[in-house]
Protein chains: 4
Amino acid sequence: MIRFESDYTEGAHPKILERLIQTNDEQTPGYGEDVHCERAAVYIRNCCGREDAAVHFLMGGTQANLTVISALLRPHQGVIASEWGHIGKHETGAIESTGHKVLPQSNSDGKVTAAQIDAACKEHKDDPDYEHIVQPGMVYISHPTENGTIYTKSELEDISASCREWGIPLFMDGARIGYGIAASARWAATGDALALPDIAALCDVFYIGGTKVGAMFGEAVVITTERYKKDFRYLMKQRGAMLAKGRILGIQFETLFEDGLYFEISDHAVVMADIIRKACAKKGYRFMYETVANQVFPIFPEHKINELRKSYAFATWGDAGEINGEKHFVVRLCTSWATKEENARKLAEDIVAI
Amino acid sequence: MIRFESDYTEGAHPKILERLIQTNDEQTPGYGEDVHCERAAVYIRNCCGREDAAVHFLMGGTQANLTVISALLRPHQGVIASEWGHIGKHETGAIESTGHKVLPQSNSDGKVTAAQIDAACKEHKDDPDYEHIVQPGMVYISHPTENGTIYTKSELEDISASCREWGIPLFMDGARIGYGIAASARWAATGDALALPDIAALCDVFYIGGTKVGAMFGEAVVITTERYKKDFRYLMKQRGAMLAKGRILGIQFETLFEDGLYFEISDHAVVMADIIRKACAKKGYRFMYETVANQVFPIFPEHKINELRKSYAFATWGDAGEINGEKHFVVRLCTSWATKEENARKLAEDIVAI
Amino acid sequence: MIRFESDYTEGAHPKILERLIQTNDEQTPGYGEDVHCERAAVYIRNCCGREDAAVHFLMGGTQANLTVISALLRPHQGVIASEWGHIGKHETGAIESTGHKVLPQSNSDGKVTAAQIDAACKEHKDDPDYEHIVQPGMVYISHPTENGTIYTKSELEDISASCREWGIPLFMDGARIGYGIAASARWAATGDALALPDIAALCDVFYIGGTKVGAMFGEAVVITTERYKKDFRYLMKQRGAMLAKGRILGIQFETLFEDGLYFEISDHAVVMADIIRKACAKKGYRFMYETVANQVFPIFPEHKINELRKSYAFATWGDAGEINGEKHFVVRLCTSWATKEENARKLAEDIVAI
Amino acid sequence: MIRFESDYTEGAHPKILERLIQTNDEQTPGYGEDVHCERAAVYIRNCCGREDAAVHFLMGGTQANLTVISALLRPHQGVIASEWGHIGKHETGAIESTGHKVLPQSNSDGKVTAAQIDAACKEHKDDPDYEHIVQPGMVYISHPTENGTIYTKSELEDISASCREWGIPLFMDGARIGYGIAASARWAATGDALALPDIAALCDVFYIGGTKVGAMFGEAVVITTERYKKDFRYLMKQRGAMLAKGRILGIQFETLFEDGLYFEISDHAVVMADIIRKACAKKGYRFMYETVANQVFPIFPEHKINELRKSYAFATWGDAGEINGEKHFVVRLCTSWATKEENARKLAEDIVAI
């Protein structure tokens, strides 16, 4: 069984394991105050073009989301997000458990638009009963989105401008940010690619996902806006998000960012996805979402799915109804830094052949 | 600088790193539903003598504490703990952040006694204003305690009996449980050693610490009482305590528990601590707490501390006042699975010599 | 200006004020443990046909909702409600502030159906990622709904059966329950009227609204299912929902329930609403929702609204688009126990005349 | 049975009931946006000498405490309070239920001192593990305290100066503030009386208690520091602390503050307490706390208590041990605006006589 069901099916990039072995006997202080965390932070600040950024290493995406969001909101505020957003759909109410409502916005491609932010804030402000309604207090977006789509630079500029106009922070969930950046670099229109420095300039807080991009686990939260930096480590500790042996996270991000490994392995994944995407297109399959990063959402007939499942693991995303008398379903095919080219090519061939 | 400041200064036991490398290319499902987690759970159930136990792998101690405690309490209930307990002192209000009060009990050695539990529950029940007061809803103990002391089997039997009489669960923080078990096996009075099956039988929930005992990170939460098992994975997910690549935790505990490595390395740490303890005693130093596990709390004169700090890192635990015209302080010397015997012997010699 | 904007524009029924004066010098214990609260509870139990019911007096609707809901749910559970439900729309995230997500159901008339409950619970159960999703833990309905509609007995029987099948409690927000009962008694099909004993039998918890039905303030929470009674007064105290001078609530509900005053004044309000409704119908206006209780939602042309606003206060509920070249809006006209018949008739005349 | 057990045993001052009757038919907007609330706010601002103060009317003390405290703190912050403070002892963990720890300070008379605030903040700042410890984020005091003692002007000046030095707000629970002000006016040393304008100048937020001082219920929260005013009504609504018929609160405070009734009836209570206090002193009884407001805490022999209980209700506050071979207890005798002089004199006589 070859797995395309998610981007966290393997362990970690071999260089990370090597480095863990090399450094294993070092004695370091705990809680992220070691030299590896410091070095990793420097590398990340450099990649972001922001020497002033605060960088913290957390263990996972849900943890990063709940820690950041509850740090930024006052009790009566909620967070604007896509109705497909991970925080609203697949975190067992983690945000609500910290006291805050998720304010979902409908959008078929999983994005939030500047117009939606404006509309939500304006509707709130204009409601005669506004004090009886949760106040929009921040915006949460994912890049790439849950639906595999990515933001362009101009889209993010508009979103950022809207947030700043309304005086609310913009937070980007970057669990798959490497794949978003790689896809953007490879395929975006001239001048519209969204690179890490752009993200750092346009968001107030975001994170660089390790779990899905080469690490065993770990997300690097980057805070670029001064007023959100204060006391963040207290909040990490309170949420159980401060690793005792913080060095384990530091070593991983040090390895990923010291010489561009993160970007290199991200690019590999999007190339692998492209192989699969092209096979689907060649065979005439339509796609649920137009994606360019590491996830492909083709609409397959049921018999095709049954055949492919003999050799491949992948997720059924939704029902696509009956087409030409046969049931069709949207499936999700996911590549990663670890996807072997031979496996991607084999799947592509089978998509075309079966 | 040789570090005796904590039991999490090194990486992980080399066998764990080896195993991570061996398994790195395996493709597994996420969120703890892989074969390594399953195997690790079987080994742990066996060591506990409880095939019915639920075993979950979380990432750290604060996270385990807040997830378990908020899972077991109703909103108006609090948790009885030693005033020295980690949850009350050093977790930035993690328990309160989930809505619950910590109900501190005073005890110089960091333990909670059955008599204190009885008294706290009785006082609550008898108060005419009991509905205006937080209801004791569970008991939290650490083994070893924050003060390095350990419970005897009969003490834990009494505590367990008290909890069951009052109808409230008993939860043991086992961040250092390996060291407690090893010390107990080595030095407890005949019949009064507290082994893992005793703990499993007497507690409703407890965890087996990995972070401080050989793993890079990770705590294995064991739930032995049926009614506390329900929906625990939902609560893990909600608190950000469900690792995407759960296998990383499974592999670590598999390695530690498949053939007794956990107990072997725990024993090493308590032997190392004993070397240091004996040196202190030989030199005539008194101890703040009578400990037998991996922590030693001698009272040193200031000049001794200054000398030792040139070569060793360790924590000052508290002020011990003036003795014979010189300031004295309690220090904490901490060994672990990773402590090199040569380093323990060197420190012992310097304690005696300086 | 005559106000039809809400059902809480006046003070309290004169009999309540009289009774407050009569009892003013009595010295009573606090916190709802006085003779008036006890008597009121007895009257309410009798009206519900449930001598075993627990009855508690709280101060307002949002308070009752957040206290009950947080008392019934475990942390990972959410509450199914209409997307129009007060808890999701107009309580500034009170439910989320206690850690729980509201799970909205779409329905044009503000009701929740048994089929929706079944579907939501089944969808959750069948989702392969169910542990990553908030678990439906209870159902919240309002009677009458926010949209002025009422449940029939058979509808509530179906809802209750569905809840019991799925093992989750049913909670009814009865802020306007008097008007629902009165309307049902007056106009429901034979055998399908929903009376207080039916509600008590079919719901696990509900409340009888005083604020909108004759009292200065106060809601009587009735718990009929044994397992939800435990420790409820602790939860009231914790949420700031236990009035020191509980007698003030007891006296009000005593007055309302000792001889049927509550039902009598509720009936008055629905008769007043009917006068207004018939005038709208006579003039040919359509209604946004088909209501029979104390709220009428006619669709008026803009010029009519402007004329009526000169003499009457009422709420604009929504935009109804352009009809015959003129803008139309849904308005809400609300009667209450305090509505003077002359005012209702005057409005009815003006609706027809203007 | 004559009740001296609390200051909330009667209904409300007759003038309040009169006013409720006079205004009963008025139609007003809800949620505190009526003319009575506005007038009451103006009267209170005048009495405080602060035209810029925000004034909000809440329903009870626990509610006011939890709403204000959770509005002012960030998630990792706690509130410094006396170990006797109501928030820590008698509110069923209401503060913890909003996510915050109460940081108790020991003091036999229920006060918090400036030195304690300094010490707590300094200890936190100096702790090497400060990020693992709840950060002191505000100070909560009661005036009078739970122990019946009152602050002098210079004490409050010191406390306020300390809070401002550490950059944390000062919040005064004024459930019995009228009695504190009256006692201070009557008996404080020249220049050291603490009047309402002093409190308004020295605290950031405080409330003027109605429940225990003439009203049926209600507390007027006064916010004098600009940055704590923002969005407070949202927080009231979220906590269930915004009364639908806000006028009921407005009318009560209007009556109490339009011409000094509040201060007049407060003075009555402290004079009544003085009668009782003098009787105790005359008879040679000692006091647990030196009080001058409306509570007296004499230490009585058991036989005396048994005799008095035949005619009077009062609370046993604590065990005072054996004196001259007889058990003694501290009791609390509480007067209020409603205490009849004949009853106070009768009790005084019986204290002396029995």
# chains A, B, ... in the order shown; residues from 1 in each chain; ligands from 1
$ interface_residues --of "chain D" --to "chain C" --cutoff "6 Å" --atoms "only C-alpha atoms" --output "list in words"
Thr9, Glu10, Gly11, Asn24, Asp25, Glu26, Gln27, Thr28, Thr62, Gln63, Glu91, Thr92, Ala94, Gln238 and Gly240 of chain D
$ residues_around --residues "Tyr43 in chain B" --least-positions-apart "4" --cutoff "8 Å" --atoms "only C-alpha atoms" --output "VMD selection string"
chain B and resid 39 47 254 257 to 258
$ residues_around --residues "Ala114 in chain B" --least-positions-apart "4" --cutoff "12 Å" --atoms "only C-alpha atoms" --output "PyMOL selection string"
chain B and resi 80-82+105+118-121+139+141+151+154-166+170
$ closest_residue --among "C:Ile208, C:Val35, C:Ile69, C:Leu196" --to "Ser184 in chain C" --atoms "only C-alpha atoms"
C:Leu196
$ residues_around --residues "Ala193 in chain B" --least-positions-apart "6" --cutoff "9 Å" --atoms "only C-alpha atoms" --output "VMD selection string"
chain B and resid 151 to 154 181 183 to 187
$ select_by_dssp --residues "range 111-340 of chain D" --states "helix (DSSP H, G or I)" --output "PyMOL selection string"
chain D and resi 114-126+130-132+153-166+177-187+196-202+226-228+232-238+247-257+261-282+302-308
$ residues_around --residues "range 223-231 of chain D" --least-positions-apart "6" --cutoff "6 Å" --atoms "only C-alpha atoms" --output "PyMOL selection string"
chain D and resi 53-54+204-205
$ select_by_dssp --residues "range 95-323 of chain D" --states "strand (DSSP E or B)" --output "ChimeraX atom specification"
/D:102-105,135-142,170-173,205-209,219-223,287,295-296,298-301,312-313,315-323
$ residues_around --residues "Leu308 in chain B" --least-positions-apart "4" --cutoff "9 Å" --atoms "only C-alpha atoms" --output "NGL selection string"
:B and (303-304 or 312-313 or 347 or 350-351 or 354)
$ atom_distance --atom1 "CA of Ala41 in chain C" --atom2 "CA of Ile251 in chain C"
10.6 Å
$ residues_around --residues "Cys48 in chain C" --least-positions-apart "4" --cutoff "9 Å" --atoms "only C-alpha atoms" --output "ChimeraX atom specification"
/C:43-44,53,195-201
